[in-house]
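The block underneath contains the structure these notes are about, expressed in structure tokens.
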Amino acid sequence: MKPYTQTELEDFKAKYPRVVREIEVYPSGTTFDKDGTPSEEPACFLVKKPSKSLLSLITSKEYKDAPEKINEAVVKNCVLVGDTELMENDASIYMGLVTELSTMIETAKVALKKV
């Protein structure tokens with residue numbers, strides 16, 4: 001069961017247009033049968049894409065050589081709502097979430113056109 005309602009999802013989508021995403025993180029050791037059904041329920045999170053201000057923060061001198069601080073800042077700034085108790089108590093959930101959020105920081109595709 002998701003830790004948020006459809007109404008909450010719609011509210012976040014209205015507040016953060018085009019940047020809200022849902023992430024499901026399966027605990028380590030989860031297996032999937034031939035139909036794709038998992039052996040364990042995932043932890044679910046609503047997140048927003050990282051902002052320019054977050055990028056400035058995590059690339060600052062204070063965060064250089066401090067990956068744990070970067071991870072905490074990314075989670076704190078991007079997770080809107082979710083299974084935070086599972087995230088705090090299961091390192092595999094936390095690392096899965098951090099890994100997925102980190103991919104959201106990647107550069108967007110750009111097209112340069114001659115006019």
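Lettering and numbering for the structure tokens are positional, with chains as A, B, ... in the shown order, residues counted from 1 in each chain, and ligands counted from 1 in the shown order.
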Quiz prompt | All alpha helix (DSSP H) residues (DSSP, backbone) inside region 22-108 of chain A, as a PyMOL selection string | solution = chain A and resi 52-58+67-78+84-89+91-103
Can you list every residue of region 79-105 of chain A that has an atom at most 9 Å from region 23-38 of chain A, with its nearest atom pair and the distance in Å to one decimal, using only C-alpha atoms, ordered by chain then number, as CSV?
```
residue,atom,partner,partner_atom,distance
A:Asp90,CA,A:Pro27,CA,7.6
A:Ala91,CA,A:Pro27,CA,8.7
A:Ser92,CA,A:Ser28,CA,5.7
A:Ile93,CA,A:Pro27,CA,5.6
A:Tyr94,CA,A:Val25,CA,8.6
A:Gly96,CA,A:Val25,CA,6.1
A:Leu97,CA,A:Val25,CA,6.5
A:Glu100,CA,A:Ile23,CA,7.9
A:Leu101,CA,A:Ile23,CA,9.0
```
Quiz item: What is the distance, in Å and to one decimal place, between CA of Leu54 (chain A) and CA of Glu10 (chain A)?
Solution: 23.7 Å
Quiz prompt | Selection: 12 Å around Tyr16 (chain A), only C-alpha atoms, excl. self and same-chain fewer than 5 positions, as a count of residues only | solution = 12
Find the spatial neighbours of Ala73 (chain A), counting only C-alpha atoms, within a cut-off of 12 Å - ignore same-chain residues fewer than 4 positions away - and output them as a CSV table (one decimal) with C-alpha atoms, in the first residue's frame.
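Generated file (around-v3.csv):
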```csv
chain,number,residue,atom,x,y,z
A,50,PRO,CA,16.5,18.1,-8.2
A,51,SER,CA,16.4,21.9,-8.5
A,53,SER,CA,19.7,25.4,-6.0
A,54,LEU,CA,20.2,21.8,-4.9
A,55,LEU,CA,22.8,21.3,-7.6
A,56,SER,CA,24.6,24.5,-6.4
A,57,LEU,CA,24.6,23.2,-2.9
A,58,ILE,CA,25.9,19.7,-3.6
A,59,THR,CA,28.7,21.0,-5.8
A,63,TYR,CA,30.1,19.2,0.2
A,66,ALA,CA,31.4,14.4,1.7
A,67,PRO,CA,29.2,11.9,-0.3
A,68,GLU,CA,27.1,11.1,2.8
A,69,LYS,CA,26.2,14.8,3.1
A,77,ASN,CA,15.3,18.1,-1.0
A,78,CYS,CA,13.8,15.7,-3.4
A,79,VAL,CA,11.6,13.3,-1.4
A,98,VAL,CA,19.7,7.6,-3.5
A,101,LEU,CA,17.6,10.3,-7.4
A,102,SER,CA,21.3,10.7,-8.5
```
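Take CA of Ala14 (chain A) and CA of Ala111 (chain A): the distance between them is 28.2 Å.
For chain A, the set of residues given strand (DSSP E or B) by DSSP on the backbone reads A:Val20, A:Arg21, A:Glu22, A:Ile23, A:Glu24, A:Val25, A:Phe32, A:Pro38, A:Ala43, A:Cys44, A:Phe45, A:Leu46, A:Val47, A:Lys48, A:Val79, A:Leu80, A:Val81, A:Gly82.
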